[in-house]
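Asks: This is the content of target06.cif (mmCIF, C-alpha atoms and all ligand atoms):
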data_input
loop_
_atom_site.label_atom_id
_atom_site.label_comp_id
_atom_site.auth_asym_id
_atom_site.auth_seq_id
_atom_site.Cartn_x
_atom_site.Cartn_y
_atom_site.Cartn_z
CA MET Z 1 61.04 33.25 21.63
CA LYS Z 2 57.46 32.33 22.66
CA GLN Z 3 56.80 29.56 20.15
CA PHE Z 4 58.79 27.50 17.70
CA THR Z 5 56.49 25.98 15.13
CA SER Z 6 58.02 27.16 11.85
CA VAL Z 7 60.85 29.25 10.43
CA LYS Z 8 58.47 32.22 10.69
CA ASP Z 9 58.96 32.15 14.47
CA VAL Z 10 62.67 32.92 14.05
CA GLN Z 11 63.67 36.56 13.56
CA ASP Z 12 67.25 35.87 12.46
CA VAL Z 13 67.81 32.33 11.15
CA ALA Z 14 71.58 32.74 10.64
CA ALA Z 15 71.98 33.97 14.24
CA LEU Z 16 70.08 30.93 15.59
CA VAL Z 17 72.28 28.58 13.55
CA ASN Z 18 75.40 30.31 14.90
CA GLU Z 19 74.06 30.07 18.44
CA ALA Z 20 73.52 26.32 18.01
CA LEU Z 21 77.08 25.94 16.73
CA GLU Z 22 78.37 27.82 19.80
CA LEU Z 23 76.36 25.45 22.03
CA LYS Z 24 77.93 22.52 20.22
CA LYS Z 25 81.35 23.80 21.32
CA ALA Z 26 80.19 24.32 24.93
CA PRO Z 27 76.99 22.34 25.61
CA TYR Z 28 77.07 22.92 29.38
CA ALA Z 29 77.80 26.66 29.29
CA ASN Z 30 74.19 27.43 30.32
CA LYS Z 31 73.60 24.56 32.71
CA THR Z 32 71.84 26.69 35.33
CA LEU Z 33 69.61 28.65 32.92
CA GLY Z 34 66.83 26.09 33.22
CA GLN Z 35 67.11 25.48 36.96
CA ASP Z 36 63.66 25.02 38.54
CA LYS Z 37 62.03 25.05 35.09
CA THR Z 38 60.14 22.08 33.69
CA LEU Z 39 60.04 20.90 30.09
CA GLY Z 40 57.15 18.65 29.13
CA LEU Z 41 57.54 16.57 25.97
CA ILE Z 42 54.24 15.21 24.70
CA PHE Z 43 54.20 12.57 21.98
CA MET Z 44 51.13 11.45 20.05
CA ASN Z 45 53.39 9.41 17.71
CA PRO Z 46 56.65 7.40 17.93
CA SER Z 47 60.08 9.05 18.06
CA LEU Z 48 63.72 8.23 18.71
CA ARG Z 49 65.78 11.33 17.77
CA THR Z 50 63.29 14.06 18.64
CA ARG Z 51 62.52 12.54 21.99
CA LEU Z 52 66.10 11.87 23.09
CA SER Z 53 67.72 15.00 21.63
CA THR Z 54 65.12 17.39 23.06
CA GLN Z 55 65.22 15.63 26.43
CA LYS Z 56 69.02 15.89 26.48
CA ALA Z 57 68.87 19.52 25.35
CA GLY Z 58 66.64 20.36 28.30
CA MET Z 59 68.94 18.48 30.68
CA ASN Z 60 72.02 20.30 29.31
CA LEU Z 61 70.27 23.56 30.22
CA GLY Z 62 69.51 22.32 33.76
CA MET Z 63 65.78 21.74 33.18
CA ASN Z 64 63.59 19.06 34.71
CA VAL Z 65 62.19 17.04 31.82
CA MET Z 66 58.97 15.01 31.74
CA VAL Z 67 58.08 12.86 28.74
CA MET Z 68 54.64 11.42 28.06
CA ASN Z 69 53.43 9.23 25.21
CA LEU Z 70 49.99 10.77 25.40
CA ASP Z 71 48.52 8.51 22.73
CA LYS Z 72 49.34 5.40 24.76
CA GLU Z 73 49.60 6.60 28.37
CA GLY Z 74 46.98 9.35 28.54
CA TRP Z 75 43.21 9.29 28.46
CA ALA Z 76 41.71 9.00 24.99
CA LEU Z 77 41.72 12.63 23.86
CA GLU Z 78 38.85 14.55 22.29
CA THR Z 79 40.07 17.41 20.10
CA GLN Z 80 36.82 18.60 18.48
CA ASP Z 81 35.01 21.48 20.11
CA GLY Z 82 31.31 21.31 20.94
CA VAL Z 83 30.92 17.53 20.77
CA ILE Z 84 28.97 15.47 23.27
CA MET Z 85 31.57 13.05 24.59
CA ASP Z 86 29.42 9.94 24.67
CA GLY Z 87 31.83 7.87 22.55
CA SER Z 88 35.34 6.50 23.12
CA THR Z 89 37.11 9.76 24.05
CA VAL Z 90 37.52 10.41 27.77
CA GLU Z 91 39.28 13.75 28.19
CA HIS Z 92 38.95 16.95 26.16
CA ILE Z 93 42.04 18.78 24.95
CA ARG Z 94 40.66 21.93 26.61
CA GLU Z 95 41.27 20.45 30.06
CA ALA Z 96 44.26 18.23 29.17
CA ALA Z 97 46.33 21.02 27.58
CA ALA Z 98 45.43 23.53 30.29
CA VAL Z 99 46.49 21.05 33.00
CA MET Z 100 49.82 20.35 31.26
CA GLY Z 101 50.39 24.09 31.15
CA GLN Z 102 50.11 24.15 34.96
CA TYR Z 103 52.96 21.65 35.35
CA CYS Z 104 55.35 22.86 32.65
CA ASP Z 105 57.21 26.06 31.76
CA ILE Z 106 57.78 24.95 28.16
CA ILE Z 107 55.91 22.20 26.28
CA GLY Z 108 56.99 20.27 23.19
CA ILE Z 109 54.28 18.49 21.22
CA ARG Z 110 54.48 15.93 18.40
CA SER Z 111 51.36 15.18 16.42
CA PHE Z 112 51.47 13.75 12.89
CA PRO Z 113 48.79 14.32 10.24
CA LYS Z 114 46.24 11.60 9.61
CA LEU Z 115 46.66 12.03 5.81
CA GLN Z 116 42.90 11.57 5.30
CA ASP Z 117 41.69 15.16 5.02
CA ARG Z 118 44.11 17.77 3.62
CA GLU Z 119 42.17 20.76 4.92
CA GLU Z 120 41.99 19.30 8.40
CA ASP Z 121 45.71 18.41 8.51
CA TYR Z 122 46.88 21.72 7.04
CA SER Z 123 44.74 23.66 9.54
CA GLU Z 124 47.19 22.56 12.28
CA ASP Z 125 44.23 22.48 14.66
CA LEU Z 126 45.89 20.45 17.44
CA LEU Z 127 49.07 22.52 17.49
CA LYS Z 128 47.05 25.74 17.56
CA LYS Z 129 44.95 24.40 20.44
CA PHE Z 130 48.08 23.56 22.43
CA ILE Z 131 49.39 27.09 21.85
CA GLU Z 132 46.06 28.60 22.91
CA LEU Z 133 45.22 26.34 25.85
CA THR Z 134 48.51 25.60 27.63
CA GLY Z 135 49.48 29.25 28.08
CA VAL Z 136 53.21 28.39 27.96
CA PRO Z 137 55.78 28.49 25.13
CA ILE Z 138 55.30 25.64 22.65
CA VAL Z 139 57.97 23.82 20.65
CA SER Z 140 56.77 21.75 17.70
CA LEU Z 141 58.33 18.30 17.83
CA GLU Z 142 56.77 17.72 14.36
CA SER Z 143 53.28 18.82 13.51
CA ALA Z 144 50.87 18.00 10.69
CA THR Z 145 52.75 20.14 8.17
CA ARG Z 146 56.23 20.98 9.53
CA HIS Z 147 59.24 19.64 11.45
CA PRO Z 148 61.15 22.80 12.40
CA LEU Z 149 63.66 21.28 14.85
CA GLN Z 150 64.69 18.86 12.11
CA SER Z 151 65.06 21.68 9.58
CA LEU Z 152 67.14 23.76 11.97
CA ALA Z 153 69.45 20.76 12.53
CA ASP Z 154 69.62 20.29 8.75
CA LEU Z 155 70.65 23.89 8.23
CA ILE Z 156 73.27 23.65 11.00
CA THR Z 157 74.68 20.57 9.24
CA ILE Z 158 74.81 22.30 5.86
CA LYS Z 159 76.48 25.35 7.39
CA GLU Z 160 79.13 23.11 9.00
CA GLN Z 161 79.78 21.07 5.88
CA ALA Z 162 79.50 23.61 3.05
CA ALA Z 163 82.66 24.68 1.24
CA ALA Z 164 83.78 28.16 2.26
CA GLY Z 165 82.92 31.00 -0.10
CA LYS Z 166 80.48 29.05 -2.28
CA LYS Z 167 76.70 29.19 -2.21
CA PRO Z 168 75.85 25.46 -2.07
CA LYS Z 169 73.37 23.84 -4.41
CA VAL Z 170 70.96 21.84 -2.23
CA VAL Z 171 68.65 19.30 -3.87
CA LEU Z 172 65.63 17.98 -2.00
CA SER Z 173 65.02 14.64 -3.71
CA TRP Z 174 61.87 12.57 -3.32
CA ALA Z 175 62.58 8.90 -2.55
CA PRO Z 176 60.54 5.72 -2.89
CA HIS Z 177 58.50 4.32 0.00
CA ILE Z 178 55.81 1.71 0.47
CA LYS Z 179 53.60 3.71 2.84
CA PRO Z 180 51.93 7.13 2.75
CA ILE Z 181 54.37 9.50 4.49
CA PRO Z 182 53.56 13.05 5.68
CA HIS Z 183 54.94 16.18 3.98
CA CYS Z 184 56.23 17.74 7.21
CA VAL Z 185 59.98 17.20 6.77
CA ALA Z 186 59.97 18.16 3.09
CA ASN Z 187 57.70 21.20 3.59
CA SER Z 188 59.78 22.41 6.47
CA PHE Z 189 63.11 21.79 4.73
CA ALA Z 190 61.93 23.79 1.69
CA GLU Z 191 60.73 26.63 3.90
CA TRP Z 192 63.97 26.83 5.91
CA MET Z 193 66.29 26.55 2.90
CA GLN Z 194 64.58 29.56 1.35
CA GLN Z 195 65.66 31.56 4.40
CA ALA Z 196 69.26 30.37 4.00
CA ASP Z 197 72.09 31.28 1.65
CA VAL Z 198 71.67 28.23 -0.60
CA GLU Z 199 70.33 27.44 -4.08
CA LEU Z 200 67.39 25.10 -3.49
CA VAL Z 201 66.16 22.67 -6.16
CA ILE Z 202 63.35 20.21 -5.46
CA THR Z 203 62.94 17.06 -7.53
CA ASN Z 204 60.00 14.69 -7.36
CA PRO Z 205 57.82 12.63 -9.73
CA GLU Z 206 54.87 14.35 -11.35
CA ASP Z 207 51.81 14.47 -9.06
CA TYR Z 208 54.14 14.72 -6.02
CA ASP Z 209 54.66 18.50 -6.01
CA LEU Z 210 54.59 19.92 -2.51
CA ALA Z 211 52.16 22.68 -1.56
CA GLU Z 212 53.18 25.97 -3.20
CA GLU Z 213 53.07 27.81 0.12
CA PHE Z 214 56.22 25.84 1.04
CA THR Z 215 58.04 25.69 -2.29
CA GLN Z 216 57.51 29.22 -3.58
CA GLY Z 217 60.72 30.51 -5.12
CA ALA Z 218 62.34 27.10 -5.41
CA GLN Z 219 62.97 25.37 -8.73
CA VAL Z 220 60.92 22.15 -8.99
CA LEU Z 221 62.14 19.56 -11.52
CA HIS Z 222 60.51 16.25 -12.37
CA ASN Z 223 63.75 14.96 -13.91
CA GLN Z 224 65.93 13.82 -11.00
CA ASP Z 225 69.13 13.40 -13.05
CA GLU Z 226 68.88 16.99 -14.26
CA ALA Z 227 68.26 18.24 -10.72
CA LEU Z 228 71.26 16.34 -9.32
CA LYS Z 229 73.77 18.00 -11.68
CA ASN Z 230 76.44 19.85 -9.64
CA ALA Z 231 74.54 19.36 -6.37
CA ASP Z 232 76.62 19.93 -3.22
CA PHE Z 233 73.99 18.41 -0.91
CA VAL Z 234 71.24 15.90 -1.65
CA TYR Z 235 68.48 15.73 0.95
CA VAL Z 236 66.60 12.46 0.51
CA LYS Z 237 63.00 12.16 1.71
CA ASN Z 238 59.80 10.46 0.74
CA TRP Z 239 56.42 12.14 0.87
CA SER Z 240 52.99 11.09 -0.31
CA SER Z 241 51.08 13.05 -2.93
CA TYR Z 242 49.77 16.46 -1.89
CA GLU Z 243 47.53 16.84 -4.94
CA GLN Z 244 45.95 13.39 -4.51
CA TYR Z 245 46.22 13.84 -0.80
CA GLY Z 246 48.04 11.13 1.14
CA LYS Z 247 48.16 8.71 -1.80
CA VAL Z 248 51.13 6.59 -2.95
CA LEU Z 249 51.02 6.87 -6.75
CA THR Z 250 54.24 5.13 -7.82
CA ASP Z 251 56.76 2.57 -6.58
CA GLY Z 252 59.42 5.15 -7.45
CA GLN Z 253 61.66 2.81 -9.39
CA GLY Z 254 64.86 4.63 -10.38
CA TRP Z 255 64.50 7.37 -7.73
CA MET Z 256 66.66 5.82 -4.98
CA ILE Z 257 69.99 7.66 -4.56
CA THR Z 258 72.88 5.32 -5.38
CA ASN Z 259 76.59 5.87 -6.05
CA GLU Z 260 75.70 6.02 -9.76
CA LYS Z 261 73.31 8.91 -9.06
CA LEU Z 262 75.91 10.59 -6.86
CA ALA Z 263 78.31 10.58 -9.81
CA LEU Z 264 76.03 13.23 -11.39
CA THR Z 265 76.63 15.60 -8.46
CA ASN Z 266 79.51 17.67 -7.19
CA ASN Z 267 80.46 14.75 -4.91
CA ALA Z 268 77.37 15.71 -2.90
CA LYS Z 269 76.93 15.06 0.79
CA VAL Z 270 73.78 13.04 1.40
CA MET Z 271 71.26 13.83 4.11
CA HIS Z 272 68.17 12.13 5.52
CA CYS Z 273 66.27 12.95 8.70
CA LEU Z 274 66.01 9.26 9.73
CA PRO Z 275 64.51 6.77 10.28
CA VAL Z 276 65.39 5.55 6.79
CA ARG Z 277 64.39 2.36 4.99
CA ARG Z 278 67.66 0.97 3.65
CA GLY Z 279 67.62 -0.27 0.09
CA LEU Z 280 64.26 1.41 -0.53
CA GLU Z 281 64.60 5.13 0.26
CA LEU Z 282 68.39 5.23 0.21
CA SER Z 283 70.97 2.65 -0.88
CA HIS Z 284 73.17 0.79 1.59
CA GLU Z 285 76.27 1.91 -0.33
CA VAL Z 286 75.45 5.59 0.10
CA LEU Z 287 74.37 5.29 3.73
CA ASP Z 288 77.56 3.40 4.60
CA GLY Z 289 79.77 5.52 2.36
CA PRO Z 290 81.82 8.67 2.93
CA ASN Z 291 79.17 11.05 1.55
CA SER Z 292 76.54 10.25 4.16
CA LEU Z 293 75.86 12.93 6.80
CA VAL Z 294 72.92 11.21 8.49
CA ILE Z 295 74.61 10.62 11.85
CA GLU Z 296 76.02 14.17 12.01
CA GLN Z 297 72.55 15.45 11.16
CA ALA Z 298 71.04 13.45 14.03
CA ASN Z 299 73.77 14.73 16.36
CA ASN Z 300 72.87 18.30 15.43
CA ARG Z 301 69.28 17.71 16.54
CA LEU Z 302 70.62 18.18 20.08
CA TYR Z 303 72.08 21.63 19.42
CA ALA Z 304 69.06 22.73 17.41
CA ALA Z 305 66.78 21.87 20.33
CA GLN Z 306 69.17 23.40 22.85
CA ALA Z 307 69.37 26.71 20.96
CA VAL Z 308 65.57 26.92 20.78
CA LEU Z 309 65.03 26.01 24.45
CA LYS Z 310 67.74 28.48 25.49
CA ARG Z 311 65.96 31.28 23.60
CA MET Z 312 62.66 30.32 25.26
CA LEU Z 313 64.17 30.15 28.75
CA GLU Z 314 65.69 33.59 28.25
CA ALA Z 315 62.19 34.87 27.41
CA VAL Z 316 60.22 33.23 30.27
CA ASP Z 317 59.99 34.82 33.73
N1 LIG Z 401 63.98 12.67 12.42
C1 LIG Z 401 63.15 12.46 13.45
O1 LIG Z 401 62.31 13.31 13.80
O2 LIG Z 401 63.34 11.28 14.09
P1 LIG Z 401 62.32 10.65 15.13
O3 LIG Z 401 61.01 10.46 14.41
O4 LIG Z 401 62.95 9.36 15.56
O5 LIG Z 401 62.15 11.61 16.27
#
Here is a file; write its structure as structure tokens.
Ligand code: CP

Replies:
Amino acid sequence: MKQFTSVKDVQDVAALVNEALELKKAPYANKTLGQDKTLGLIFMNPSLRTRLSTQKAGMNLGMNVMVMNLDKEGWALETQDGVIMDGSTVEHIREAAAVMGQYCDIIGIRSFPKLQDREEDYSEDLLKKFIELTGVPIVSLESATRHPLQSLADLITIKEQAAAGKKPKVVLSWAPHIKPIPHCVANSFAEWMQQADVELVITNPEDYDLAEEFTQGAQVLHNQDEALKNADFVYVKNWSSYEQYGKVLTDGQGWMITNEKLALTNNAKVMHCLPVRRGLELSHEVLDGPNSLVIEQANNRLYAAQAVLKRMLEAVD
């Protein structure tokens, strides 16, 4: 595997999920695979799970791991080509990325969208430049439009928890929030679930439909109660409007998943990528109750990252 930026980079999704589950049983089975190899984790935005799980995944494989909060610790980065750098930016991505590629065998990069310009965000310019300029395998730690390590962990969790012999109904349910939130987790989840043996239903208020390139094939319902009927898994996530790009159009009253909402489901397990705003996105009672999978999901981030890094290490010289 030379890059991991979306489900399209995975030839056999079910095999990768199975490999992650094998690593969960024996996390140190490949502890010399990454010997003398360096993993660089570059963050342009905050992180708890992605940072720690990917760092630990590299360590479990015997890699040296370097982490840099480039937005705070690096030189102010210029990403536009052809500009005269007579303003506040100090270093161009052309040099910065190429230099990082000299020090690292694999690089992970997190860079959120600005949610100002849809075309700019959905062009994935920064991620593409890292792929082009570093010259080493790239793992997306969440880009402008996708969060593939999260989605792989989500699929691992569903595979572990699903009842045997039944295709689970999985509902991606929009949740309220006070701030404009990117589409990455929801886009990515929709894309990955369509490559899995599940029935995917997406429910969100009108004017919050995700981009069709991510939802194609999935049923989209604007009536949450109808969508929740017989659900085996409910994946809770907020996102801002795609159509009115980056806007918050409603306070989302009535959309938070509570025990009353869960009563409409097939005793559904509840998922969220975290961090979660308690009492706003998801009720305390559900988060603290027996149906919540959020901690298991976060645990599986480790094995998702480890499976991806293992595949990359097997492909590098
Ligand atoms: N779910 C997730 O990516 O968490 P962090 O933002 O804390 O890494």

Asks: Could you please give me, as a ChimeraX atom specification, the residues of protein, DNA or RNA lying at most 7 Å from (46.8, 22.0, -2.1) in the coordinate frame of the file, considering all atoms listed in the file?

Replies: /Z:211,242-243

Asks: Pick out the closest residue to Val294 in chain Z from this set: Z:Arg49, Z:Lys8, Z:His177, Z:His222. Count only C-alpha atoms.

Replies: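 Checking each candidate against Val294 in chain Z, we get Z:Arg49 as the closest.
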
Asks: Could you tell me, counting only C-alpha atoms and all ligand atoms, which protein and nucleic acid residues lie no more than 9 Å from ligand LIG 401 (chain Z), written as a list in words?

Replies: Asn45, Pro46, Ser47, Leu48, Arg49, Thr50, Arg51, Leu52, Ser53, Leu141, Glu142, His147, Leu149, Gln150, Val185, His272, Cys273, Leu274, Pro275, Ala298 and Arg301 of chain Z

Asks: Determine, counting all atoms listed in the file, every residue of protein, DNA or RNA that lies within 10 Å of (60.3, 26.3, 28.9) in the file coordinates, then give the result as an MDAnalysis selection string.

Replies: chainID Z and resid 2:3 34 37:40 58 63:65 104:108 136:139 308:317

Asks: Excluding Lys114 in chain Z and its own-chain neighbours fewer than 3 positions away, which residues fall within 9 Å of it when counting only C-alpha atoms? Please give them as a list in words.

Replies: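 Result of the neighbour search: Asp117, Arg118, Glu120, Asp121, Ala144, Pro182 and Gly246 of chain Z.
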
Asks: Between Z:Ala263, Z:Leu21, Z:Met85, Z:Ile181, single out the one closest to Gln306 in chain Z, counting all atoms listed in the file.

Replies: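 So, comparing all the options, the nearest one is Z:Leu21.
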
Asks: Just the number, please: distance in Å from CA of His92 in chain Z to CA of Phe112 in chain Z, one decimal.

Replies: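 These two atoms are separated by 18.5 Å.
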
Asks: Measuring atom to atom with only C-alpha atoms, identify which of Z:Ala307, Z:Met256, Z:Leu264, Z:Leu41 is nearest to Leu287 in chain Z.

Replies: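 Among the listed residues, the smallest separation from Leu287 in chain Z belongs to Z:Met256.
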
Asks: Could you pull the residues within 12 Å of Asn230 in chain Z, counting only C-alpha atoms, minus those fewer than 6 positions along the same chain, as a PyMOL selection string?

Replies: chain Z and resi 167-171+199+201+261-269

Asks: Write out the residues from the selection above, keeping C-alpha atoms, as a PDB file, in the coordinates of the input.

Replies:
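Produced file out35.pdb, reproduced below:
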ATOM      1  CA  LYS Z 167      76.700  29.190  -2.210  1.00  0.00           C
ATOM      2  CA  PRO Z 168      75.850  25.460  -2.070  1.00  0.00           C
ATOM      3  CA  LYS Z 169      73.370  23.840  -4.410  1.00  0.00           C
ATOM      4  CA  VAL Z 170      70.960  21.840  -2.230  1.00  0.00           C
ATOM      5  CA  VAL Z 171      68.650  19.300  -3.870  1.00  0.00           C
ATOM      6  CA  GLU Z 199      70.330  27.440  -4.080  1.00  0.00           C
ATOM      7  CA  VAL Z 201      66.160  22.670  -6.160  1.00  0.00           C
ATOM      8  CA  LYS Z 261      73.310   8.910  -9.060  1.00  0.00           C
ATOM      9  CA  LEU Z 262      75.910  10.590  -6.860  1.00  0.00           C
ATOM     10  CA  ALA Z 263      78.310  10.580  -9.810  1.00  0.00           C
ATOM     11  CA  LEU Z 264      76.030  13.230 -11.390  1.00  0.00           C
ATOM     12  CA  THR Z 265      76.630  15.600  -8.460  1.00  0.00           C
ATOM     13  CA  ASN Z 266      79.510  17.670  -7.190  1.00  0.00           C
ATOM     14  CA  ASN Z 267      80.460  14.750  -4.910  1.00  0.00           C
ATOM     15  CA  ALA Z 268      77.370  15.710  -2.900  1.00  0.00           C
ATOM     16  CA  LYS Z 269      76.930  15.060   0.790  1.00  0.00           C
TER      17      LYS Z 269
END

Asks: Please indicate the distance in Å from CA of Val286 in chain Z to CA of Ile257 in chain Z, rounded to one decimal place.

Replies: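 Taking CA of Val286 in chain Z and CA of Ile257 in chain Z, their separation equals 7.5 Å.
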
Asks: From the options Z:Met44, Z:Ser241, Z:Gln224, Z:Gly87, which residue's atoms come nearest to Glu73 in chain Z, counting only C-alpha atoms?

Replies: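 Among the listed residues, the smallest separation from Glu73 in chain Z belongs to Z:Met44.
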
Asks: If we count all atoms listed in the file and set the cut-off at 12 Å, which residues sit around Leu200 in chain Z, ignoring sequence neighbours fewer than 4 positions away in its own chain? Please answer as a ChimeraX atom specification.

Replies: /Z:167-173,189-196,215-221,227-228,231-235

Asks: Could you pull the residues within 7 Å of range 127-130 of chain Z, counting all atoms listed in the file, minus those fewer than 3 positions along the same chain, as a PyMOL selection string?

Replies: chain Z and resi 97+124+133-134+143

Asks: Quick one: of Z:Val248, Z:Asp86, Z:Ile42, Z:Lys25, who's nearest to Gly74 in chain Z, counting all atoms listed in the file?

Replies: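 Comparing Z:Val248, Z:Asp86, Z:Ile42, Z:Lys25 against Gly74 in chain Z, the winner is Z:Ile42.
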
Asks: Rounded to one decimal place, report the CA of Met68 in chain Z-CA of Ile109 in chain Z distance in Å.

Replies: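 Computed distance, CA of Met68 in chain Z to CA of Ile109 in chain Z, equals 9.8 Å.
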
Asks: Generate the missing atoms of range 88-111 of chain Z up to N, CA and C atoms and report them as a PDB file, in the frame of the given file.

Replies:
ATOM      1  N   SER Z  88      34.152   7.142  22.535  1.00  0.00           N
ATOM      2  CA  SER Z  88      35.340   6.500  23.120  1.00  0.00           C
ATOM      3  C   SER Z  88      36.299   7.506  23.775  1.00  0.00           C
ATOM      4  N   THR Z  89      36.182   8.793  23.449  1.00  0.00           N
ATOM      5  CA  THR Z  89      37.110   9.760  24.050  1.00  0.00           C
ATOM      6  C   THR Z  89      36.707  10.072  25.491  1.00  0.00           C
ATOM      7  N   VAL Z  90      37.747  10.297  26.329  1.00  0.00           N
ATOM      8  CA  VAL Z  90      37.520  10.410  27.770  1.00  0.00           C
ATOM      9  C   VAL Z  90      37.837  11.810  28.300  1.00  0.00           C
ATOM     10  N   GLU Z  91      38.852  12.437  27.704  1.00  0.00           N
ATOM     11  CA  GLU Z  91      39.280  13.750  28.190  1.00  0.00           C
ATOM     12  C   GLU Z  91      39.366  14.718  27.014  1.00  0.00           C
ATOM     13  N   HIS Z  92      38.896  15.946  27.232  1.00  0.00           N
ATOM     14  CA  HIS Z  92      38.950  16.950  26.160  1.00  0.00           C
ATOM     15  C   HIS Z  92      40.281  17.690  26.215  1.00  0.00           C
ATOM     16  N   ILE Z  93      40.766  18.053  25.024  1.00  0.00           N
ATOM     17  CA  ILE Z  93      42.040  18.780  24.950  1.00  0.00           C
ATOM     18  C   ILE Z  93      41.976  20.087  25.743  1.00  0.00           C
ATOM     19  N   ARG Z  94      40.786  20.659  25.881  1.00  0.00           N
ATOM     20  CA  ARG Z  94      40.660  21.930  26.610  1.00  0.00           C
ATOM     21  C   ARG Z  94      41.140  21.774  28.060  1.00  0.00           C
ATOM     22  N   GLU Z  95      40.783  20.670  28.693  1.00  0.00           N
ATOM     23  CA  GLU Z  95      41.270  20.450  30.060  1.00  0.00           C
ATOM     24  C   GLU Z  95      42.703  19.891  30.036  1.00  0.00           C
ATOM     25  N   ALA Z  96      42.952  18.906  29.170  1.00  0.00           N
ATOM     26  CA  ALA Z  96      44.260  18.230  29.170  1.00  0.00           C
ATOM     27  C   ALA Z  96      45.391  19.222  28.917  1.00  0.00           C
ATOM     28  N   ALA Z  97      45.259  20.065  27.916  1.00  0.00           N
ATOM     29  CA  ALA Z  97      46.330  21.020  27.580  1.00  0.00           C
ATOM     30  C   ALA Z  97      46.482  22.052  28.687  1.00  0.00           C
ATOM     31  N   ALA Z  98      45.365  22.530  29.215  1.00  0.00           N
ATOM     32  CA  ALA Z  98      45.430  23.530  30.290  1.00  0.00           C
ATOM     33  C   ALA Z  98      46.131  22.954  31.524  1.00  0.00           C
ATOM     34  N   VAL Z  99      45.859  21.695  31.837  1.00  0.00           N
ATOM     35  CA  VAL Z  99      46.490  21.050  33.000  1.00  0.00           C
ATOM     36  C   VAL Z  99      47.994  20.907  32.772  1.00  0.00           C
ATOM     37  N   MET Z 100      48.380  20.480  31.562  1.00  0.00           N
ATOM     38  CA  MET Z 100      49.820  20.350  31.260  1.00  0.00           C
ATOM     39  C   MET Z 100      50.526  21.697  31.399  1.00  0.00           C
ATOM     40  N   GLY Z 101      49.826  22.745  31.029  1.00  0.00           N
ATOM     41  CA  GLY Z 101      50.390  24.090  31.150  1.00  0.00           C
ATOM     42  C   GLY Z 101      50.631  24.496  32.597  1.00  0.00           C
ATOM     43  N   GLN Z 102      49.887  23.871  33.530  1.00  0.00           N
ATOM     44  CA  GLN Z 102      50.110  24.150  34.960  1.00  0.00           C
ATOM     45  C   GLN Z 102      51.417  23.526  35.451  1.00  0.00           C
ATOM     46  N   TYR Z 103      51.800  22.407  34.850  1.00  0.00           N
ATOM     47  CA  TYR Z 103      52.960  21.650  35.350  1.00  0.00           C
ATOM     48  C   TYR Z 103      54.266  22.036  34.649  1.00  0.00           C
ATOM     49  N   CYS Z 104      54.162  22.659  33.493  1.00  0.00           N
ATOM     50  CA  CYS Z 104      55.350  22.860  32.650  1.00  0.00           C
ATOM     51  C   CYS Z 104      55.585  24.342  32.336  1.00  0.00           C
ATOM     52  N   ASP Z 105      56.849  24.694  32.177  1.00  0.00           N
ATOM     53  CA  ASP Z 105      57.210  26.060  31.760  1.00  0.00           C
ATOM     54  C   ASP Z 105      57.333  26.154  30.243  1.00  0.00           C
ATOM     55  N   ILE Z 106      57.702  25.050  29.624  1.00  0.00           N
ATOM     56  CA  ILE Z 106      57.780  24.950  28.160  1.00  0.00           C
ATOM     57  C   ILE Z 106      57.224  23.566  27.796  1.00  0.00           C
ATOM     58  N   ILE Z 107      56.457  23.502  26.711  1.00  0.00           N
ATOM     59  CA  ILE Z 107      55.910  22.200  26.280  1.00  0.00           C
ATOM     60  C   ILE Z 107      56.303  21.954  24.817  1.00  0.00           C
ATOM     61  N   GLY Z 108      56.768  20.728  24.563  1.00  0.00           N
ATOM     62  CA  GLY Z 108      56.990  20.270  23.190  1.00  0.00           C
ATOM     63  C   GLY Z 108      55.889  19.286  22.840  1.00  0.00           C
ATOM     64  N   ILE Z 109      55.380  19.378  21.626  1.00  0.00           N
ATOM     65  CA  ILE Z 109      54.280  18.490  21.220  1.00  0.00           C
ATOM     66  C   ILE Z 109      54.557  17.925  19.837  1.00  0.00           C
ATOM     67  N   ARG Z 110      54.407  16.592  19.709  1.00  0.00           N
ATOM     68  CA  ARG Z 110      54.480  15.930  18.400  1.00  0.00           C
ATOM     69  C   ARG Z 110      53.122  15.364  18.051  1.00  0.00           C
ATOM     70  N   SER Z 111      52.622  15.731  16.895  1.00  0.00           N
ATOM     71  CA  SER Z 111      51.360  15.180  16.420  1.00  0.00           C
ATOM     72  C   SER Z 111      51.363  15.129  14.896  1.00  0.00           C
TER      73      SER Z 111
END
